[in-house]
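**Student:** Contents of model-v9.json (JSON, C-alpha atoms):
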[["chain", "number", "residue", "atom", "x", "y", "z"],
["A", 1, "MET", "CA", -45.57, 44.55, 90.23],
["A", 2, "ASN", "CA", -42.04, 44.15, 91.56],
["A", 3, "GLY", "CA", -39.01, 45.80, 90.00],
["A", 4, "ASP", "CA", -37.62, 42.53, 88.66],
["A", 5, "PHE", "CA", -40.81, 41.77, 86.71],
["A", 6, "ALA", "CA", -41.01, 45.33, 85.36],
["A", 7, "GLY", "CA", -37.42, 45.08, 84.20],
["A", 8, "ARG", "CA", -38.02, 41.78, 82.43],
["A", 9, "THR", "CA", -41.16, 43.21, 80.82],
["A", 10, "ALA", "CA", -39.34, 46.30, 79.55],
["A", 11, "LEU", "CA", -36.56, 44.08, 78.19],
["A", 12, "ALA", "CA", -39.13, 41.95, 76.34],
["A", 13, "ALA", "CA", -40.63, 45.06, 74.74],
["A", 14, "SER", "CA", -37.22, 46.32, 73.70],
["A", 15, "HIS", "CA", -36.36, 42.94, 72.19],
["A", 16, "ALA", "CA", -39.64, 42.82, 70.25],
["A", 17, "ILE", "CA", -39.04, 46.26, 68.75],
["A", 18, "MET", "CA", -35.48, 45.30, 67.79],
["A", 19, "MET", "CA", -36.69, 42.09, 66.18],
["A", 20, "ALA", "CA", -39.29, 43.97, 64.19],
["A", 21, "ARG", "CA", -36.58, 46.35, 62.96],
["A", 22, "GLU", "CA", -33.82, 43.89, 62.21],
["A", 23, "ARG", "CA", -35.52, 40.80, 60.83],
["A", 24, "GLY", "CA", -35.23, 40.39, 57.07],
["A", 25, "ALA", "CA", -38.15, 40.91, 54.68],
["A", 26, "VAL", "CA", -39.72, 43.69, 56.74],
["A", 27, "ALA", "CA", -42.90, 44.74, 54.96],
["A", 28, "LYS", "CA", -42.27, 47.66, 52.62],
["A", 29, "ALA", "CA", -45.01, 49.90, 53.95],
["A", 30, "ARG", "CA", -45.35, 52.27, 51.01],
["A", 31, "GLY", "CA", -41.59, 52.76, 50.88],
["A", 32, "TRP", "CA", -40.93, 53.57, 54.55],
["A", 33, "LEU", "CA", -39.04, 50.99, 56.62],
["A", 34, "HIS", "CA", -38.41, 52.95, 59.80],
["A", 35, "ILE", "CA", -40.15, 51.86, 63.01],
["A", 36, "ARG", "CA", -40.69, 54.70, 65.43],
["A", 37, "ALA", "CA", -40.80, 53.46, 69.04],
["A", 38, "MET", "CA", -43.52, 54.79, 71.31],
["A", 39, "SER", "CA", -42.54, 57.70, 73.52],
["A", 40, "ILE", "CA", -41.47, 56.73, 77.03],
["A", 41, "ALA", "CA", -44.49, 58.49, 78.49],
["A", 42, "ARG", "CA", -46.83, 56.29, 76.45],
["A", 43, "LEU", "CA", -44.88, 53.04, 76.50],
["A", 44, "LEU", "CA", -44.16, 52.84, 80.25],
["A", 45, "PRO", "CA", -47.83, 52.63, 81.38],
["A", 46, "SER", "CA", -48.42, 49.79, 78.94],
["A", 47, "LEU", "CA", -45.42, 47.88, 80.26],
["A", 48, "LEU", "CA", -46.59, 48.28, 83.82],
["A", 49, "ALA", "CA", -50.17, 47.35, 82.93],
["A", 50, "GLY", "CA", -49.18, 44.18, 81.11],
["A", 51, "LEU", "CA", -47.36, 43.45, 77.89],
["A", 52, "SER", "CA", -49.13, 41.62, 75.06],
["A", 53, "ILE", "CA", -46.32, 40.25, 72.92],
["A", 54, "VAL", "CA", -47.55, 36.78, 72.11],
["A", 55, "LEU", "CA", -46.58, 34.25, 69.48],
["A", 56, "ALA", "CA", -49.75, 32.46, 68.43],
["A", 57, "CYS", "CA", -49.91, 30.31, 65.32],
["A", 58, "ALA", "CA", -53.54, 30.52, 64.28],
["A", 59, "GLY", "CA", -55.57, 29.03, 61.49],
["A", 60, "GLY", "CA", -56.57, 25.49, 60.71],
["A", 61, "ALA", "CA", -54.65, 23.29, 58.30],
["A", 62, "GLY", "CA", -55.44, 24.25, 54.73],
["A", 63, "ALA", "CA", -57.12, 27.57, 55.61],
["A", 64, "ALA", "CA", -56.38, 30.37, 53.13],
["A", 65, "SER", "CA", -56.73, 32.93, 55.95],
["A", 66, "SER", "CA", -55.43, 32.83, 59.50],
["A", 67, "GLY", "CA", -57.48, 32.52, 62.64],
["A", 68, "TRP", "CA", -58.05, 35.49, 64.94],
["A", 69, "HIS", "CA", -55.40, 36.54, 67.46],
["A", 70, "HIS", "CA", -57.09, 38.28, 70.41],
["A", 71, "VAL", "CA", -55.50, 41.07, 72.46],
["A", 72, "GLU", "CA", -56.83, 43.39, 75.14],
["A", 73, "GLY", "CA", -57.90, 46.10, 72.69],
["A", 74, "GLY", "CA", -59.27, 43.93, 69.90],
["A", 75, "SER", "CA", -58.37, 41.15, 67.47],
["A", 76, "ILE", "CA", -56.19, 40.74, 64.37],
["A", 77, "ARG", "CA", -55.97, 38.22, 61.56],
["A", 78, "ILE", "CA", -54.63, 37.93, 58.00],
["A", 79, "VAL", "CA", -57.19, 37.40, 55.26],
["A", 80, "THR", "CA", -56.30, 36.32, 51.72],
["A", 81, "SER", "CA", -58.12, 35.62, 48.49],
["A", 82, "GLY", "CA", -56.43, 32.20, 48.44],
["A", 83, "GLU", "CA", -55.44, 32.67, 44.78],
["A", 84, "PRO", "CA", -51.88, 33.87, 43.96],
["A", 85, "ASP", "CA", -51.51, 35.11, 40.39],
["A", 86, "ALA", "CA", -49.14, 33.58, 37.83],
["A", 87, "GLY", "CA", -46.27, 35.65, 39.17],
["A", 88, "GLY", "CA", -46.80, 34.49, 42.76],
["A", 89, "LEU", "CA", -48.39, 37.73, 43.98],
["A", 90, "LEU", "CA", -51.12, 37.23, 46.56],
["A", 91, "ARG", "CA", -53.49, 39.96, 47.71],
["A", 92, "GLY", "CA", -54.56, 39.96, 51.33],
["A", 93, "ALA", "CA", -55.51, 42.15, 54.26],
["A", 94, "LEU", "CA", -54.37, 42.59, 57.85],
["A", 95, "GLU", "CA", -57.77, 42.91, 59.50],
["A", 96, "ILE", "CA", -57.68, 44.85, 62.79],
["A", 97, "ARG", "CA", -60.88, 44.81, 64.82],
["A", 98, "LEU", "CA", -60.66, 47.40, 67.57],
["A", 99, "LYS", "CA", -62.82, 47.49, 70.67],
["A", 100, "PRO", "CA", -64.68, 50.78, 71.31],
["A", 101, "GLY", "CA", -62.30, 53.48, 72.53],
["A", 102, "TRP", "CA", -59.16, 51.76, 71.18],
["A", 103, "LYS", "CA", -56.93, 53.04, 68.38],
["A", 104, "THR", "CA", -54.08, 51.85, 66.20],
["A", 105, "TYR", "CA", -51.45, 53.59, 64.07],
["A", 106, "TRP", "CA", -50.73, 54.71, 60.51],
["A", 107, "LEU", "CA", -47.53, 54.20, 58.51],
["A", 108, "ASP", "CA", -45.80, 57.07, 60.37],
["A", 109, "PRO", "CA", -47.84, 57.95, 63.46],
["A", 110, "GLY", "CA", -45.81, 61.00, 64.47],
["A", 111, "SER", "CA", -44.06, 61.69, 67.74],
["A", 112, "ALA", "CA", -45.63, 58.65, 69.44],
["A", 113, "GLY", "CA", -46.84, 55.30, 68.17],
["A", 114, "VAL", "CA", -45.85, 51.97, 66.65],
["A", 115, "PRO", "CA", -46.72, 51.58, 62.95],
["A", 116, "PRO", "CA", -47.79, 48.10, 61.83],
["A", 117, "THR", "CA", -45.00, 45.99, 60.32],
["A", 118, "LEU", "CA", -45.07, 42.48, 58.94],
["A", 119, "THR", "CA", -42.52, 39.83, 57.99],
["A", 120, "ALA", "CA", -43.43, 36.60, 56.23],
["A", 121, "LEU", "CA", -41.76, 33.23, 55.76],
["A", 122, "ALA", "CA", -42.63, 30.29, 53.53],
["A", 123, "GLY", "CA", -40.54, 27.61, 55.23],
["A", 124, "GLU", "CA", -37.06, 29.14, 55.35],
["A", 125, "THR", "CA", -37.71, 31.51, 52.45],
["A", 126, "ASP", "CA", -38.66, 35.15, 52.87],
["A", 127, "ALA", "CA", -41.89, 36.30, 51.25],
["A", 128, "ALA", "CA", -41.79, 40.05, 50.57],
["A", 129, "VAL", "CA", -44.85, 41.98, 51.73],
["A", 130, "GLU", "CA", -46.05, 45.50, 50.91],
["A", 131, "ILE", "CA", -48.56, 47.18, 53.22],
["A", 132, "GLY", "CA", -51.08, 49.71, 51.91],
["A", 133, "PHE", "CA", -52.72, 52.10, 54.37],
["A", 134, "PRO", "CA", -56.11, 53.83, 53.97],
["A", 135, "PRO", "CA", -56.18, 57.56, 54.78],
["A", 136, "PRO", "CA", -55.76, 58.00, 58.55],
["A", 137, "SER", "CA", -57.23, 60.48, 61.01],
["A", 138, "ARG", "CA", -55.31, 62.82, 63.28],
["A", 139, "PHE", "CA", -55.50, 62.57, 67.08],
["A", 140, "ASP", "CA", -54.18, 64.53, 70.06],
["A", 141, "ASP", "CA", -54.32, 62.55, 73.29],
["A", 142, "GLY", "CA", -52.55, 65.08, 75.52],
["A", 143, "TYR", "CA", -49.12, 63.46, 75.05],
["A", 144, "ALA", "CA", -48.69, 64.14, 71.35],
["A", 145, "ALA", "CA", -50.48, 64.54, 68.04],
["A", 146, "TRP", "CA", -50.41, 61.35, 65.99],
["A", 147, "ALA", "CA", -51.99, 59.68, 62.96],
["A", 148, "GLY", "CA", -54.00, 56.47, 63.01],
["A", 149, "TYR", "CA", -57.42, 54.85, 63.20],
["A", 150, "ASP", "CA", -60.10, 54.72, 65.91],
["A", 151, "GLN", "CA", -62.37, 52.31, 64.02],
["A", 152, "PRO", "CA", -61.80, 48.75, 62.76],
["A", 153, "VAL", "CA", -59.46, 48.90, 59.77],
["A", 154, "SER", "CA", -58.06, 46.51, 57.17],
["A", 155, "LEU", "CA", -54.59, 47.16, 55.75],
["A", 156, "ALA", "CA", -54.06, 45.97, 52.18],
["A", 157, "LEU", "CA", -51.28, 43.37, 51.76],
["A", 158, "THR", "CA", -49.47, 42.38, 48.58],
["A", 159, "MET", "CA", -47.37, 39.27, 49.23],
["A", 160, "ALA", "CA", -44.74, 37.97, 46.80],
["A", 161, "LEU", "CA", -44.72, 34.22, 47.33],
["A", 162, "PRO", "CA", -41.57, 32.19, 46.55],
["A", 163, "GLN", "CA", -41.87, 30.15, 43.38],
["A", 164, "GLY", "CA", -40.94, 26.50, 42.93],
["A", 165, "ALA", "CA", -42.23, 23.02, 43.62],
["A", 166, "THR", "CA", -40.33, 22.76, 46.90],
["A", 167, "THR", "CA", -41.85, 25.91, 48.39],
["A", 168, "PRO", "CA", -43.85, 25.03, 51.55],
["A", 169, "ALA", "CA", -47.57, 25.52, 51.22],
["A", 170, "ARG", "CA", -48.05, 27.29, 54.55],
["A", 171, "LEU", "CA", -47.01, 30.86, 55.22],
["A", 172, "GLU", "CA", -46.13, 32.29, 58.63],
["A", 173, "ALA", "CA", -46.52, 36.04, 59.01],
["A", 174, "SER", "CA", -45.10, 37.85, 62.04],
["A", 175, "VAL", "CA", -47.12, 40.97, 62.78],
["A", 176, "PHE", "CA", -46.02, 43.80, 65.07],
["A", 177, "LEU", "CA", -48.30, 46.74, 65.88],
["A", 178, "GLY", "CA", -49.57, 48.91, 68.69],
["A", 179, "VAL", "CA", -53.08, 49.43, 70.06],
["A", 180, "CYS", "CA", -54.01, 52.21, 72.49],
["A", 181, "GLU", "CA", -56.76, 53.25, 74.85],
["A", 182, "THR", "CA", -55.60, 55.00, 78.03],
["A", 183, "ILE", "CA", -52.55, 52.73, 77.82],
["A", 184, "CYS", "CA", -50.65, 51.53, 74.77],
["A", 185, "ILE", "CA", -49.93, 47.86, 74.15],
["A", 186, "PRO", "CA", -47.31, 46.61, 71.67],
["A", 187, "VAL", "CA", -48.64, 43.42, 70.10],
["A", 188, "GLN", "CA", -46.71, 40.70, 68.28],
["A", 189, "ALA", "CA", -48.37, 37.64, 66.78],
["A", 190, "THR", "CA", -47.36, 34.96, 64.29],
["A", 191, "LEU", "CA", -50.30, 34.13, 62.02],
["A", 192, "SER", "CA", -50.22, 30.99, 59.89],
["A", 193, "PHE", "CA", -52.24, 30.15, 56.77],
["A", 194, "ASP", "CA", -52.07, 28.35, 53.42],
["A", 195, "PRO", "CA", -52.01, 30.93, 50.60],
["A", 196, "ARG", "CA", -52.36, 28.26, 47.90],
["A", 197, "ASN", "CA", -55.60, 26.83, 49.23],
["A", 198, "SER", "CA", -58.23, 26.94, 46.49],
["A", 199, "MET", "CA", -61.13, 26.85, 48.97],
["A", 200, "ALA", "CA", -61.16, 30.62, 49.52],
["A", 201, "ASP", "CA", -64.02, 32.02, 51.60],
["A", 202, "PRO", "CA", -66.09, 34.55, 49.56],
["A", 203, "ALA", "CA", -66.50, 36.66, 52.71],
["A", 204, "ASP", "CA", -62.71, 36.78, 53.15],
["A", 205, "ALA", "CA", -62.28, 37.74, 49.49],
["A", 206, "ALA", "CA", -64.71, 40.62, 50.09],
["A", 207, "VAL", "CA", -62.57, 41.83, 53.02],
["A", 208, "VAL", "CA", -59.52, 41.87, 50.74],
["A", 209, "GLU", "CA", -61.35, 43.76, 48.00],
["A", 210, "ALA", "CA", -62.62, 46.33, 50.51],
["A", 211, "ALA", "CA", -59.09, 46.85, 51.90],
["A", 212, "PHE", "CA", -57.73, 47.68, 48.44],
["A", 213, "ALA", "CA", -60.76, 49.82, 47.56],
["A", 214, "ALA", "CA", -60.14, 51.96, 50.67],
["A", 215, "LEU", "CA", -56.58, 52.89, 49.63],
["A", 216, "PRO", "CA", -55.79, 56.42, 48.43],
["A", 217, "ALA", "CA", -55.60, 56.72, 44.66],
["A", 218, "PRO", "CA", -52.11, 56.99, 43.11],
["A", 219, "ALA", "CA", -51.03, 60.60, 42.64],
["A", 220, "ARG", "CA", -51.24, 61.99, 39.13],
["A", 221, "PRO", "CA", -49.82, 65.18, 37.56],
["A", 222, "ASP", "CA", -52.95, 67.27, 38.26],
["A", 223, "PHE", "CA", -53.73, 65.73, 41.66],
["A", 224, "SER", "CA", -50.69, 65.30, 43.91],
["A", 225, "ALA", "CA", -48.32, 67.05, 46.31],
["A", 226, "ALA", "CA", -45.08, 68.77, 45.28],
["A", 227, "LEU", "CA", -42.02, 70.00, 47.10],
["A", 228, "ALA", "CA", -41.96, 73.80, 47.43],
["A", 229, "ARG", "CA", -38.71, 74.05, 49.42],
["A", 230, "ALA", "CA", -36.75, 72.20, 52.10],
["A", 231, "ASP", "CA", -34.04, 72.95, 54.64],
["A", 232, "ASP", "CA", -32.91, 71.59, 57.99],
["A", 233, "LYS", "CA", -35.87, 73.19, 59.79],
["A", 234, "ALA", "CA", -38.84, 72.32, 57.60],
["A", 235, "VAL", "CA", -40.10, 70.74, 54.39],
["A", 236, "VAL", "CA", -42.76, 72.84, 52.65],
["A", 237, "ILE", "CA", -45.21, 70.91, 50.46],
["A", 238, "ARG", "CA", -47.64, 72.39, 47.94],
["A", 239, "PRO", "CA", -50.83, 70.54, 46.95],
["A", 240, "VAL", "CA", -51.44, 70.27, 43.20],
["A", 241, "LEU", "CA", -55.22, 70.05, 42.82],
["A", 242, "PRO", "CA", -57.90, 70.02, 40.13],
["A", 243, "ALA", "CA", -60.08, 73.11, 39.92],
["A", 244, "GLY", "CA", -62.52, 73.41, 42.80],
["A", 245, "VAL", "CA", -60.80, 70.79, 45.00],
["A", 246, "ARG", "CA", -59.70, 71.79, 48.52],
["A", 247, "ALA", "CA", -56.90, 70.19, 50.55],
["A", 248, "LEU", "CA", -58.00, 69.09, 54.04],
["A", 249, "ASP", "CA", -54.92, 67.43, 55.55],
["A", 250, "LEU", "CA", -51.51, 66.01, 54.71],
["A", 251, "PHE", "CA", -49.85, 62.97, 56.25],
["A", 252, "VAL", "CA", -46.16, 62.31, 55.66],
["A", 253, "ALA", "CA", -43.87, 59.39, 56.45],
["A", 254, "GLY", "CA", -40.27, 60.20, 57.26],
["A", 255, "THR", "CA", -37.24, 58.00, 56.75],
["A", 256, "GLU", "CA", -34.31, 56.81, 58.86],
["A", 257, "SER", "CA", -32.39, 59.96, 57.95],
["A", 258, "LEU", "CA", -35.29, 62.44, 57.88],
["A", 259, "VAL", "CA", -37.71, 62.38, 60.82],
["A", 260, "LEU", "CA", -40.66, 64.73, 60.32],
["A", 261, "GLY", "CA", -43.20, 66.35, 62.62],
["A", 262, "THR", "CA", -46.90, 67.06, 62.13],
["A", 263, "PRO", "CA", -47.74, 69.02, 58.95],
["A", 264, "GLU", "CA", -49.21, 72.46, 59.54],
["A", 265, "LYS", "CA", -51.09, 74.62, 57.05],
["A", 266, "ALA", "CA", -48.67, 77.39, 56.17],
["A", 267, "GLY", "CA", -50.98, 80.10, 54.83],
["A", 268, "GLU", "CA", -53.59, 81.15, 52.32],
["A", 269, "ASP", "CA", -51.69, 79.54, 49.45],
["A", 270, "GLY", "CA", -52.65, 76.08, 50.73],
["A", 271, "THR", "CA", -49.10, 74.88, 51.41],
["A", 272, "PHE", "CA", -48.16, 72.68, 54.35],
["A", 273, "ARG", "CA", -45.09, 73.24, 56.50],
["A", 274, "VAL", "CA", -43.67, 70.00, 57.88],
["A", 275, "PRO", "CA", -41.19, 70.53, 60.75],
["A", 276, "VAL", "CA", -37.94, 68.55, 60.57],
["A", 277, "SER", "CA", -37.38, 66.75, 63.88],
["A", 278, "LEU", "CA", -34.10, 65.10, 62.84],
["A", 279, "ARG", "CA", -32.00, 65.09, 59.68],
["A", 280, "THR", "CA", -28.80, 63.10, 59.45],
["A", 281, "GLY", "CA", -26.31, 62.70, 56.63],
["A", 282, "GLU", "CA", -26.02, 64.59, 53.37],
["A", 283, "ALA", "CA", -28.21, 62.39, 51.16],
["A", 284, "GLY", "CA", -31.72, 63.17, 50.03],
["A", 285, "ALA", "CA", -34.84, 61.27, 51.12],
["A", 286, "ASP", "CA", -38.00, 59.90, 49.51],
["A", 287, "VAL", "CA", -40.98, 60.98, 51.60],
["A", 288, "THR", "CA", -44.22, 59.05, 51.21],
["A", 289, "TYR", "CA", -47.38, 61.14, 51.64],
["A", 290, "THR", "CA", -51.16, 60.88, 51.71],
["A", 291, "LEU", "CA", -52.97, 64.07, 50.72],
["A", 292, "VAL", "CA", -56.59, 64.19, 51.91],
["A", 293, "THR", "CA", -59.01, 66.49, 50.05],
["A", 294, "ASP", "CA", -62.74, 67.07, 49.78],
["A", 295, "ALA", "CA", -62.59, 65.03, 46.55],
["A", 296, "GLY", "CA", -60.79, 62.00, 47.99],
["A", 297, "ALA", "CA", -57.21, 61.11, 48.89],
["A", 298, "VAL", "CA", -54.09, 60.44, 46.84],
["A", 299, "THR", "CA", -50.72, 58.99, 47.77],
["A", 300, "GLY", "CA", -47.27, 59.41, 46.28],
["A", 301, "VAL", "CA", -43.61, 60.08, 47.00],
["A", 302, "ILE", "CA", -41.79, 63.41, 47.23],
["A", 303, "ALA", "CA", -38.03, 63.46, 46.67],
["A", 304, "VAL", "CA", -36.35, 65.76, 49.19],
["A", 305, "PRO", "CA", -32.98, 66.79, 47.70],
["A", 306, "PRO", "CA", -29.62, 66.39, 49.46],
["A", 307, "ARG", "CA", -28.43, 69.17, 51.71]]
Here is a file; write its structure as structure tokens.

**Tutor:**
Amino acid sequence: MNGDFAGRTALAASHAIMMARERGAVAKARGWLHIRAMSIARLLPSLLAGLSIVLACAGGAGAASSGWHHVEGGSIRIVTSGEPDAGGLLRGALEIRLKPGWKTYWLDPGSAGVPPTLTALAGETDAAVEIGFPPPSRFDDGYAAWAGYDQPVSLALTMALPQGATTPARLEASVFLGVCETICIPVQATLSFDPRNSMADPADAAVVEAAFAALPAPARPDFSAALARADDKAVVIRPVLPAGVRALDLFVAGTESLVLGTPEKAGEDGTFRVPVSLRTGEAGADVTYTLVTDAGAVTGVIAVPPR
């Protein structure tokens, strides 16, 4: 690969990441909008090996779900029930089929990784999308510890469709995510489908139901995580658990102003210490978490106070 091609490839990757950050209607992935770029050590091999940022409108006319978009490490598509409710909310799933040995990322992977993001348009109108993530696993590949999935996974989507008779029937969703084996590949694809099609496939509807069933339960007063203390070096989080339940792991998603490291168990009291990698400004931050226990997982938001 000559230097000119490598330069153009790196520029394309940079442009794709900027587009995913700056385009309106970025999917509200459980309250966290920040995209963390892959570390240089992980991103450079993927650029030199070949970049997979492809725009591919998939799905036949009238299909309530998109067709498959194939990449080196697997395939992705958007599946819907084909039935928006009276308020225009449509449930769907971003189905990610990984080849053996490949992985993809959680909402906030950690020090390396590209979390999935999604923007959607119905004609010229934005369609807001919220992404729900099942509990991830933790990995250490020698470069960094990060959170994600090493098996096929479906991310739950809640799409708010524009209302009105002039709204186009077809929806175009722009997906941006990363898949990794020994190299990491940023992937961008535009997936097209008709969310108002009444001929929904029962198998697709089952995929959607399974994606929502796999989500952590909402936190409740007796089963959640609470802030113990916070400063510029660490955020300490205390699990609140029913009797007999044991905390196994904690995953946290930082914000633009509060970038967090990997949670570490802090002692016999069951608390987790989360290192602060970067904190800017004086304002507080809402930190989304998933607490994994031997009785299931819950998700919620912890308010970190201002400095």

**Student:** Check the smallest atom-to-atom distance from each of A:Gly267, A:Tyr149, A:Pro109, A:Ala64 to Glu83 of chain A using only C-alpha atoms, then report the winner.

**Tutor:**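 Smallest separation from Glu83 of chain A among the options: A:Ala64.
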
**Student:** What's the separation between atom CA of Ala230 of chain A and atom CA of Val304 of chain A, in Å to one decimal place?

**Tutor:**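 Straight-line distance from atom CA of Ala230 of chain A to atom CA of Val304 of chain A works out to 7.1 Å.
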
**Student:** Pick from A:Ala285, A:Val179, A:Leu258, A:Val207: nearest to Gln151 of chain A, with all atoms listed in the file counted?

**Tutor:**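 Ranked by minimum distance to Gln151 of chain A, first place goes to A:Val179.
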
**Student:** Excluding segment 98-102 of chain A and its own-chain neighbours fewer than 3 positions away, which residues fall within 8 Å of it when counting all atoms listed in the file? Please give them as a short mmCIF file (atom, residue, chain, number, x, y, z; two decimals) with C-alpha atoms, keeping the file's coordinate frame.

**Tutor:**
data_model
loop_
_atom_site.label_atom_id
_atom_site.label_comp_id
_atom_site.auth_asym_id
_atom_site.auth_seq_id
_atom_site.Cartn_x
_atom_site.Cartn_y
_atom_site.Cartn_z
CA GLY A 73 -57.90 46.10 72.69
CA GLY A 74 -59.27 43.93 69.90
CA SER A 75 -58.37 41.15 67.47
CA ASP A 150 -60.10 54.72 65.91
CA GLN A 151 -62.37 52.31 64.02
CA PRO A 152 -61.80 48.75 62.76
CA VAL A 179 -53.08 49.43 70.06
CA CYS A 180 -54.01 52.21 72.49
CA GLU A 181 -56.76 53.25 74.85
#

**Student:** Using all atoms listed in the file, which residues sit within 8 Å of Pro84 of chain A once same-chain residues fewer than 6 positions away are excluded, as JSON, numbers by chain?

**Tutor:** {"A": [90, 91, 161, 195, 196]}

**Student:** Find the residues near Ala297 of chain A: any atom within 9 Å, counting only C-alpha atoms, skip ones fewer than 6 places away on the same chain, and give them as a list of chain:residue names.

**Tutor:**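 Near Ala297 of chain A, the qualifying residues are A:Pro134, A:Pro135, A:Leu215, A:Pro216, A:Ala217, A:Pro218, A:Ala219, A:Thr290, A:Leu291.
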
**Student:** Looking at all atoms listed in the file, which of A:Val245, A:Ala225, A:Val79, A:Val259 is the one that sits closest to Thr299 of chain A?

**Tutor:**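 Smallest separation from Thr299 of chain A among the options: A:Ala225.
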
**Student:** Between atom CA of Leu248 of chain A and atom CA of Glu130 of chain A, what distance in Å does the model show, to one decimal?

**Tutor:**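 Between atom CA of Leu248 of chain A and atom CA of Glu130 of chain A the gap works out to 26.6 Å.
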
**Student:** Return segment 245-251 of chain A, completed with all heavy atoms, as a JSON list (two decimals), in the frame of the given file.

**Tutor:**
[["chain", "number", "residue", "atom", "x", "y", "z"],
["A", 245, "VAL", "N", -61.10, 71.76, 43.96],
["A", 245, "VAL", "CA", -60.80, 70.79, 45.00],
["A", 245, "VAL", "C", -60.01, 71.48, 46.11],
["A", 245, "VAL", "O", -59.10, 72.29, 45.84],
["A", 245, "VAL", "CB", -59.99, 69.60, 44.44],
["A", 245, "VAL", "CG1", -59.57, 68.65, 45.55],
["A", 245, "VAL", "CG2", -60.84, 68.86, 43.41],
["A", 246, "ARG", "N", -60.32, 71.15, 47.36],
["A", 246, "ARG", "CA", -59.70, 71.79, 48.52],
["A", 246, "ARG", "C", -58.95, 70.76, 49.35],
["A", 246, "ARG", "O", -59.48, 69.70, 49.67],
["A", 246, "ARG", "CB", -60.77, 72.48, 49.37],
["A", 246, "ARG", "CG", -60.24, 73.23, 50.58],
["A", 246, "ARG", "CD", -61.36, 74.09, 51.17],
["A", 246, "ARG", "NE", -62.51, 73.28, 51.55],
["A", 246, "ARG", "CZ", -62.70, 72.80, 52.79],
["A", 246, "ARG", "NH1", -61.82, 73.02, 53.75],
["A", 246, "ARG", "NH2", -63.78, 72.08, 53.05],
["A", 247, "ALA", "N", -57.70, 71.07, 49.70],
["A", 247, "ALA", "CA", -56.90, 70.19, 50.55],
["A", 247, "ALA", "C", -57.38, 70.29, 51.99],
["A", 247, "ALA", "O", -57.59, 71.39, 52.51],
["A", 247, "ALA", "CB", -55.42, 70.56, 50.46],
["A", 248, "LEU", "N", -57.55, 69.14, 52.65],
["A", 248, "LEU", "CA", -58.00, 69.09, 54.04],
["A", 248, "LEU", "C", -56.87, 68.77, 55.00],
["A", 248, "LEU", "O", -56.75, 69.38, 56.07],
["A", 248, "LEU", "CB", -59.12, 68.06, 54.20],
["A", 248, "LEU", "CG", -60.36, 68.29, 53.34],
["A", 248, "LEU", "CD1", -61.37, 67.17, 53.57],
["A", 248, "LEU", "CD2", -60.98, 69.65, 53.62],
["A", 249, "ASP", "N", -56.01, 67.82, 54.65],
["A", 249, "ASP", "CA", -54.92, 67.43, 55.55],
["A", 249, "ASP", "C", -53.84, 66.73, 54.75],
["A", 249, "ASP", "O", -54.08, 66.25, 53.62],
["A", 249, "ASP", "CB", -55.43, 66.52, 56.66],
["A", 249, "ASP", "CG", -54.61, 66.64, 57.95],
["A", 249, "ASP", "OD1", -53.47, 67.16, 57.88],
["A", 249, "ASP", "OD2", -55.10, 66.22, 59.01],
["A", 250, "LEU", "N", -52.66, 66.67, 55.32],
["A", 250, "LEU", "CA", -51.51, 66.01, 54.71],
["A", 250, "LEU", "C", -50.84, 65.14, 55.75],
["A", 250, "LEU", "O", -50.58, 65.59, 56.87],
["A", 250, "LEU", "CB", -50.52, 67.05, 54.18],
["A", 250, "LEU", "CG", -49.24, 66.50, 53.56],
["A", 250, "LEU", "CD1", -49.53, 65.81, 52.22],
["A", 250, "LEU", "CD2", -48.20, 67.61, 53.38],
["A", 251, "PHE", "N", -50.57, 63.90, 55.38],
["A", 251, "PHE", "CA", -49.85, 62.97, 56.25],
["A", 251, "PHE", "C", -48.56, 62.57, 55.54],
["A", 251, "PHE", "O", -48.57, 62.26, 54.35],
["A", 251, "PHE", "CB", -50.70, 61.73, 56.54],
["A", 251, "PHE", "CG", -51.99, 62.05, 57.25],
["A", 251, "PHE", "CD1", -53.13, 62.37, 56.53],
["A", 251, "PHE", "CD2", -52.06, 62.04, 58.63],
["A", 251, "PHE", "CE1", -54.32, 62.68, 57.17],
["A", 251, "PHE", "CE2", -53.25, 62.34, 59.29],
["A", 251, "PHE", "CZ", -54.38, 62.66, 58.56]]
